[in-house]
$ cat model.pdb   # PDB, C-alpha atoms, pLDDT in the B column
ATOM      1  CA  MET A   1     -12.722  18.090  19.958  1.00 36.00           C
ATOM      2  CA  ALA A   2     -10.416  16.045  17.713  1.00 45.00           C
ATOM      3  CA  GLU A   3     -11.242  12.434  16.940  1.00 53.00           C
ATOM      4  CA  ALA A   4      -9.007   9.773  18.468  1.00 59.00           C
ATOM      5  CA  THR A   5      -6.838   8.115  15.875  1.00 74.00           C
ATOM      6  CA  ILE A   6      -5.785   4.504  16.216  1.00 81.00           C
ATOM      7  CA  LYS A   7      -1.997   4.378  16.006  1.00 81.00           C
ATOM      8  CA  PRO A   8      -0.347   1.673  13.917  1.00 85.00           C
ATOM      9  CA  ALA A   9       0.425  -1.370  16.058  1.00 79.00           C
ATOM     10  CA  THR A  10       3.681  -1.977  14.179  1.00 85.00           C
ATOM     11  CA  ASP A  11       5.792  -0.436  11.449  1.00 92.00           C
ATOM     12  CA  ARG A  12       5.178  -3.414   9.150  1.00 96.00           C
ATOM     13  CA  ILE A  13       4.315  -2.431   5.608  1.00 97.00           C
ATOM     14  CA  LEU A  14       2.476  -4.751   3.235  1.00 97.00           C
ATOM     15  CA  VAL A  15       2.941  -4.034  -0.459  1.00 96.00           C
ATOM     16  CA  LEU A  16       0.417  -5.585  -2.831  1.00 95.00           C
ATOM     17  CA  ALA A  17       2.297  -5.555  -6.128  1.00 91.00           C
ATOM     18  CA  THR A  18       0.638  -6.503  -9.396  1.00 88.00           C
ATOM     19  CA  GLU A  19       2.455  -9.318 -11.144  1.00 87.00           C
ATOM     20  CA  SER A  20       2.363  -7.583 -14.529  1.00 82.00           C
ATOM     21  CA  CYS A  21       3.740  -4.167 -13.517  1.00 80.00           C
ATOM     22  CA  ALA A  22       4.606  -3.372  -9.922  1.00 84.00           C
ATOM     23  CA  TYR A  23       6.174  -6.681  -8.927  1.00 86.00           C
ATOM     24  CA  PRO A  24       8.739  -6.544 -11.746  1.00 83.00           C
ATOM     25  CA  GLY A  25       9.420  -2.958 -10.620  1.00 81.00           C
ATOM     26  CA  ALA A  26      10.044  -4.180  -7.081  1.00 83.00           C
ATOM     27  CA  ASP A  27      12.188  -6.981  -8.465  1.00 84.00           C
ATOM     28  CA  THR A  28      14.460  -4.462 -10.214  1.00 84.00           C
ATOM     29  CA  VAL A  29      15.155  -2.963  -6.781  1.00 86.00           C
ATOM     30  CA  GLY A  30      16.480  -6.324  -5.611  1.00 83.00           C
ATOM     31  CA  GLN A  31      18.385  -6.975  -8.817  1.00 84.00           C
ATOM     32  CA  ALA A  32      20.100  -3.603  -8.489  1.00 85.00           C
ATOM     33  CA  HIS A  33      20.977  -4.426  -4.851  1.00 87.00           C
ATOM     34  CA  MET A  34      19.169  -1.317  -3.638  1.00 88.00           C
ATOM     35  CA  SER A  35      18.014  -1.470  -0.070  1.00 88.00           C
ATOM     36  CA  TYR A  36      14.697  -0.644   1.520  1.00 89.00           C
ATOM     37  CA  PRO A  37      13.430  -1.051   5.081  1.00 90.00           C
ATOM     38  CA  ALA A  38      13.342  -4.602   6.418  1.00 92.00           C
ATOM     39  CA  ASN A  39       9.768  -4.099   7.638  1.00 95.00           C
ATOM     40  CA  VAL A  40       8.438  -4.124   4.053  1.00 95.00           C
ATOM     41  CA  TYR A  41       6.716  -7.291   2.841  1.00 95.00           C
ATOM     42  CA  VAL A  42       5.982  -7.551  -0.875  1.00 94.00           C
ATOM     43  CA  MET A  43       3.152  -9.809  -2.011  1.00 94.00           C
ATOM     44  CA  ARG A  44       2.758 -10.512  -5.717  1.00 94.00           C
ATOM     45  CA  VAL A  45      -0.893 -10.441  -6.754  1.00 92.00           C
ATOM     46  CA  PRO A  46      -2.646 -10.787 -10.126  1.00 88.00           C
ATOM     47  CA  ALA A  47      -4.893  -7.762  -9.511  1.00 83.00           C
ATOM     48  CA  PRO A  48      -5.465  -5.929  -6.208  1.00 85.00           C
ATOM     49  CA  VAL A  49      -9.070  -5.256  -7.210  1.00 83.00           C
ATOM     50  CA  LEU A  50      -9.696  -8.896  -6.250  1.00 86.00           C
ATOM     51  CA  PHE A  51      -9.220  -8.027  -2.569  1.00 91.00           C
ATOM     52  CA  PRO A  52     -12.406  -6.907  -0.777  1.00 93.00           C
ATOM     53  CA  GLU A  53     -12.511  -3.926   1.584  1.00 93.00           C
ATOM     54  CA  GLN A  54     -12.457  -6.253   4.573  1.00 95.00           C
ATOM     55  CA  PHE A  55      -9.028  -7.543   3.552  1.00 96.00           C
ATOM     56  CA  TYR A  56      -7.460  -4.141   4.070  1.00 95.00           C
ATOM     57  CA  LEU A  57      -9.263  -3.500   7.341  1.00 95.00           C
ATOM     58  CA  ARG A  58      -8.189  -6.904   8.660  1.00 94.00           C
ATOM     59  CA  CYS A  59      -4.583  -6.097   7.742  1.00 95.00           C
ATOM     60  CA  PHE A  60      -4.726  -3.139  10.124  1.00 94.00           C
ATOM     61  CA  GLU A  61      -6.555  -5.248  12.703  1.00 92.00           C
ATOM     62  CA  LYS A  62      -3.833  -7.898  12.522  1.00 93.00           C
ATOM     63  CA  GLY A  63      -1.035  -5.385  13.100  1.00 92.00           C
ATOM     64  CA  ILE A  64       0.030  -4.222   9.654  1.00 95.00           C
ATOM     65  CA  GLY A  65       1.020  -0.578  10.030  1.00 96.00           C
ATOM     66  CA  GLY A  66       0.558   0.431   6.396  1.00 97.00           C
ATOM     67  CA  VAL A  67      -0.593  -1.028   3.099  1.00 97.00           C
ATOM     68  CA  ILE A  68       0.655   0.159  -0.266  1.00 96.00           C
ATOM     69  CA  VAL A  69      -1.288  -1.039  -3.281  1.00 95.00           C
ATOM     70  CA  MET A  70       1.079  -0.867  -6.237  1.00 91.00           C
ATOM     71  CA  ALA A  71      -0.920  -1.347  -9.396  1.00 84.00           C
ATOM     72  CA  CYS A  72      -0.509  -0.810 -13.124  1.00 73.00           C
ATOM     73  CA  GLY A  73      -2.697   2.269 -13.198  1.00 65.00           C
ATOM     74  CA  THR A  74      -4.598   2.873 -16.400  1.00 64.00           C
ATOM     75  CA  ASP A  75      -2.284   0.379 -18.157  1.00 62.00           C
ATOM     76  CA  CYS A  76      -3.930  -2.466 -16.247  1.00 58.00           C
ATOM     77  CA  PRO A  77      -4.495  -5.494 -18.489  1.00 59.00           C
ATOM     78  CA  TYR A  78      -7.891  -6.118 -16.848  1.00 58.00           C
ATOM     79  CA  GLU A  79     -10.585  -3.863 -18.257  1.00 65.00           C
ATOM     80  CA  SER A  80     -11.705  -1.143 -15.803  1.00 70.00           C
ATOM     81  CA  ALA A  81      -9.961  -2.898 -12.885  1.00 73.00           C
ATOM     82  CA  TYR A  82      -7.912   0.144 -11.876  1.00 79.00           C
ATOM     83  CA  LYS A  83     -10.960   2.390 -11.948  1.00 85.00           C
ATOM     84  CA  ARG A  84     -12.828  -0.036  -9.660  1.00 88.00           C
ATOM     85  CA  LEU A  85      -9.786  -0.351  -7.405  1.00 88.00           C
ATOM     86  CA  ALA A  86      -9.486   3.427  -7.083  1.00 89.00           C
ATOM     87  CA  ALA A  87     -13.186   3.656  -6.179  1.00 92.00           C
ATOM     88  CA  ARG A  88     -12.748   0.910  -3.567  1.00 92.00           C
ATOM     89  CA  VAL A  89      -9.753   2.682  -2.018  1.00 94.00           C
ATOM     90  CA  ASP A  90     -11.686   5.972  -1.918  1.00 95.00           C
ATOM     91  CA  GLY A  91     -14.463   4.203  -0.034  1.00 95.00           C
ATOM     92  CA  LEU A  92     -11.921   2.646   2.303  1.00 96.00           C
ATOM     93  CA  TYR A  93     -10.513   6.075   3.138  1.00 96.00           C
ATOM     94  CA  ARG A  94     -13.942   7.143   4.394  1.00 95.00           C
ATOM     95  CA  THR A  95     -14.404   3.899   6.335  1.00 96.00           C
ATOM     96  CA  MET A  96     -10.947   4.146   7.892  1.00 96.00           C
ATOM     97  CA  LYS A  97     -11.524   7.739   8.926  1.00 95.00           C
ATOM     98  CA  GLY A  98     -14.794   6.735  10.581  1.00 94.00           C
ATOM     99  CA  MET A  99     -12.998   3.944  12.455  1.00 94.00           C
ATOM    100  CA  GLY A 100     -10.240   6.276  13.677  1.00 93.00           C
ATOM    101  CA  ILE A 101      -7.584   4.798  11.366  1.00 94.00           C
ATOM    102  CA  ASP A 102      -5.443   7.395   9.624  1.00 95.00           C
ATOM    103  CA  PRO A 103      -6.266   7.006   5.901  1.00 96.00           C
ATOM    104  CA  ARG A 104      -2.647   7.793   4.981  1.00 96.00           C
ATOM    105  CA  ARG A 105      -1.834   4.274   6.162  1.00 97.00           C
ATOM    106  CA  LEU A 106      -3.340   2.995   2.880  1.00 97.00           C
ATOM    107  CA  ARG A 107      -1.862   4.167  -0.392  1.00 96.00           C
ATOM    108  CA  LEU A 108      -2.711   3.444  -3.993  1.00 94.00           C
ATOM    109  CA  THR A 109       0.007   4.112  -6.530  1.00 90.00           C
ATOM    110  CA  SER A 110       0.975   3.152 -10.071  1.00 84.00           C
ATOM    111  CA  ILE A 111       4.354   1.493 -10.473  1.00 81.00           C
ATOM    112  CA  CYS A 112       5.754   0.334 -13.802  1.00 74.00           C
ATOM    113  CA  THR A 113       8.061  -2.581 -14.515  1.00 71.00           C
ATOM    114  CA  VAL A 114      11.230  -0.463 -14.270  1.00 74.00           C
ATOM    115  CA  CYS A 115      10.163   2.022 -11.582  1.00 75.00           C
ATOM    116  CA  SER A 116      12.707   1.133  -8.903  1.00 82.00           C
ATOM    117  CA  GLY A 117      12.992   4.770  -7.782  1.00 86.00           C
ATOM    118  CA  ALA A 118       9.219   5.102  -7.411  1.00 88.00           C
ATOM    119  CA  PHE A 119       9.053   1.844  -5.476  1.00 89.00           C
ATOM    120  CA  LEU A 120      11.741   3.039  -3.045  1.00 92.00           C
ATOM    121  CA  LYS A 121      10.092   6.434  -2.673  1.00 93.00           C
ATOM    122  CA  GLU A 122       6.730   4.885  -1.778  1.00 94.00           C
ATOM    123  CA  VAL A 123       8.058   2.426   0.800  1.00 95.00           C
ATOM    124  CA  ASN A 124      10.330   5.025   2.404  1.00 95.00           C
ATOM    125  CA  GLN A 125       7.510   7.571   2.609  1.00 96.00           C
ATOM    126  CA  MET A 126       5.200   5.019   4.232  1.00 97.00           C
ATOM    127  CA  ASN A 127       7.959   3.960   6.617  1.00 96.00           C
ATOM    128  CA  ASN A 128       8.525   7.592   7.668  1.00 96.00           C
ATOM    129  CA  LEU A 129       4.787   8.171   8.100  1.00 96.00           C
ATOM    130  CA  LEU A 130       4.401   5.116  10.341  1.00 96.00           C
ATOM    131  CA  GLN A 131       7.317   6.219  12.496  1.00 94.00           C
ATOM    132  CA  GLN A 132       5.732   9.674  12.878  1.00 94.00           C
ATOM    133  CA  LEU A 133       2.310   8.242  13.725  1.00 92.00           C
ATOM    134  CA  ARG A 134       3.748   5.906  16.343  1.00 88.00           C
ATOM    135  CA  ALA A 135       5.760   8.719  17.939  1.00 86.00           C
ATOM    136  CA  ALA A 136       2.764  11.080  18.127  1.00 82.00           C
TER     137      ALA A 136
END

$ encode --input "model.pdb" --output "structure tokens"
Amino acid sequence: MAEATIKPATDRILVLATESCAYPGADTVGQAHMSYPANVYVMRVPAPVLFPEQFYLRCFEKGIGGVIVMACGTDCPYESAYKRLAARVDGLYRTMKGMGIDPRRLRLTSICTVCSGAFLKEVNQMNNLLQQLRAA
């Protein structure tokens, strides 16, 4: 018997964008007048590793459909922060699965300062996924 999966309450997408890499990448999207879904909310953060596991779970509890953590990857200015963040997200995937939350609703990706195409790809993929999950 398949486990019940909790559907996203909304199609809202929260993007946690690092101020040194991903946020400037997101900013280039705006500067180039490229469009992305209106349900995407970008929050500039110093380092997503500062957010505890409970933050992400509460986002889903409060109605956020998907969370994309856009970080600097291995180019992170904070020593070993990306490695710790990746480990935290891996643990969250297991927790989410156990709670019946589709782990695809949380993504970790590396975005550079000029990666407007990658930014758009990530938000559009998450938007499509949330629409599919809500329709299922």

$ closest_residue --input "model.pdb" --among "A:Thr95, A:Gln131, A:Ser110, A:Ser116" --to "Val29 in chain A" --atoms "all atoms listed in the file"
A:Ser116

$ resolve_selection --input "model.pdb" --expression "the PyMOL selection byres ((chain A and resi 60) around 12)" --output "ChimeraX atom specification"
/A:6-14,53-59,61-67,96,99-103,105-106

$ write_last_selection --input "model.pdb" --atoms "C-alpha atoms" --output "PDB file, in the coordinates of the input"
ATOM      1  CA  ILE A   6      -5.785   4.504  16.216  1.00 81.00           C
ATOM      2  CA  LYS A   7      -1.997   4.378  16.006  1.00 81.00           C
ATOM      3  CA  PRO A   8      -0.347   1.673  13.917  1.00 85.00           C
ATOM      4  CA  ALA A   9       0.425  -1.370  16.058  1.00 79.00           C
ATOM      5  CA  THR A  10       3.681  -1.977  14.179  1.00 85.00           C
ATOM      6  CA  ASP A  11       5.792  -0.436  11.449  1.00 92.00           C
ATOM      7  CA  ARG A  12       5.178  -3.414   9.150  1.00 96.00           C
ATOM      8  CA  ILE A  13       4.315  -2.431   5.608  1.00 97.00           C
ATOM      9  CA  LEU A  14       2.476  -4.751   3.235  1.00 97.00           C
ATOM     10  CA  GLU A  53     -12.511  -3.926   1.584  1.00 93.00           C
ATOM     11  CA  GLN A  54     -12.457  -6.253   4.573  1.00 95.00           C
ATOM     12  CA  PHE A  55      -9.028  -7.543   3.552  1.00 96.00           C
ATOM     13  CA  TYR A  56      -7.460  -4.141   4.070  1.00 95.00           C
ATOM     14  CA  LEU A  57      -9.263  -3.500   7.341  1.00 95.00           C
ATOM     15  CA  ARG A  58      -8.189  -6.904   8.660  1.00 94.00           C
ATOM     16  CA  CYS A  59      -4.583  -6.097   7.742  1.00 95.00           C
ATOM     17  CA  GLU A  61      -6.555  -5.248  12.703  1.00 92.00           C
ATOM     18  CA  LYS A  62      -3.833  -7.898  12.522  1.00 93.00           C
ATOM     19  CA  GLY A  63      -1.035  -5.385  13.100  1.00 92.00           C
ATOM     20  CA  ILE A  64       0.030  -4.222   9.654  1.00 95.00           C
ATOM     21  CA  GLY A  65       1.020  -0.578  10.030  1.00 96.00           C
ATOM     22  CA  GLY A  66       0.558   0.431   6.396  1.00 97.00           C
ATOM     23  CA  VAL A  67      -0.593  -1.028   3.099  1.00 97.00           C
ATOM     24  CA  MET A  96     -10.947   4.146   7.892  1.00 96.00           C
ATOM     25  CA  MET A  99     -12.998   3.944  12.455  1.00 94.00           C
ATOM     26  CA  GLY A 100     -10.240   6.276  13.677  1.00 93.00           C
ATOM     27  CA  ILE A 101      -7.584   4.798  11.366  1.00 94.00           C
ATOM     28  CA  ASP A 102      -5.443   7.395   9.624  1.00 95.00           C
ATOM     29  CA  PRO A 103      -6.266   7.006   5.901  1.00 96.00           C
ATOM     30  CA  ARG A 105      -1.834   4.274   6.162  1.00 97.00           C
ATOM     31  CA  LEU A 106      -3.340   2.995   2.880  1.00 97.00           C
TER      32      LEU A 106
END

$ atom_distance --input "model.pdb" --atom1 "CA of Phe51 in chain A" --atom2 "CA of Gln132 in chain A"
27.8 Å

$ residues_around --input "model.pdb" --residues "Gly25 in chain A" --least-positions-apart "2" --cutoff "7 Å" --atoms "only C-alpha atoms" --output "MDAnalysis selection string"
chainID A and resid 21:23 27:29 111:116

$ write_last_selection --input "model.pdb" --atoms "C-alpha atoms" --output "PDB file, in the frame of the given file"
ATOM      1  CA  CYS A  21       3.740  -4.167 -13.517  1.00 80.00           C
ATOM      2  CA  ALA A  22       4.606  -3.372  -9.922  1.00 84.00           C
ATOM      3  CA  TYR A  23       6.174  -6.681  -8.927  1.00 86.00           C
ATOM      4  CA  ASP A  27      12.188  -6.981  -8.465  1.00 84.00           C
ATOM      5  CA  THR A  28      14.460  -4.462 -10.214  1.00 84.00           C
ATOM      6  CA  VAL A  29      15.155  -2.963  -6.781  1.00 86.00           C
ATOM      7  CA  ILE A 111       4.354   1.493 -10.473  1.00 81.00           C
ATOM      8  CA  CYS A 112       5.754   0.334 -13.802  1.00 74.00           C
ATOM      9  CA  THR A 113       8.061  -2.581 -14.515  1.00 71.00           C
ATOM     10  CA  VAL A 114      11.230  -0.463 -14.270  1.00 74.00           C
ATOM     11  CA  CYS A 115      10.163   2.022 -11.582  1.00 75.00           C
ATOM     12  CA  SER A 116      12.707   1.133  -8.903  1.00 82.00           C
TER      13      SER A 116
END

$ resolve_selection --input "model.pdb" --expression "the PyMOL selection byres ((chain A and resi 48) around 8)" --output "PDB file with C-alpha atoms, in the coordinates of the input"
ATOM      1  CA  LEU A  16       0.417  -5.585  -2.831  1.00 95.00           C
ATOM      2  CA  ALA A  17       2.297  -5.555  -6.128  1.00 91.00           C
ATOM      3  CA  THR A  18       0.638  -6.503  -9.396  1.00 88.00           C
ATOM      4  CA  VAL A  45      -0.893 -10.441  -6.754  1.00 92.00           C
ATOM      5  CA  PRO A  46      -2.646 -10.787 -10.126  1.00 88.00           C
ATOM      6  CA  ALA A  47      -4.893  -7.762  -9.511  1.00 83.00           C
ATOM      7  CA  VAL A  49      -9.070  -5.256  -7.210  1.00 83.00           C
ATOM      8  CA  LEU A  50      -9.696  -8.896  -6.250  1.00 86.00           C
ATOM      9  CA  PHE A  51      -9.220  -8.027  -2.569  1.00 91.00           C
ATOM     10  CA  VAL A  69      -1.288  -1.039  -3.281  1.00 95.00           C
ATOM     11  CA  ALA A  71      -0.920  -1.347  -9.396  1.00 84.00           C
ATOM     12  CA  LEU A  85      -9.786  -0.351  -7.405  1.00 88.00           C
TER      13      LEU A  85
END
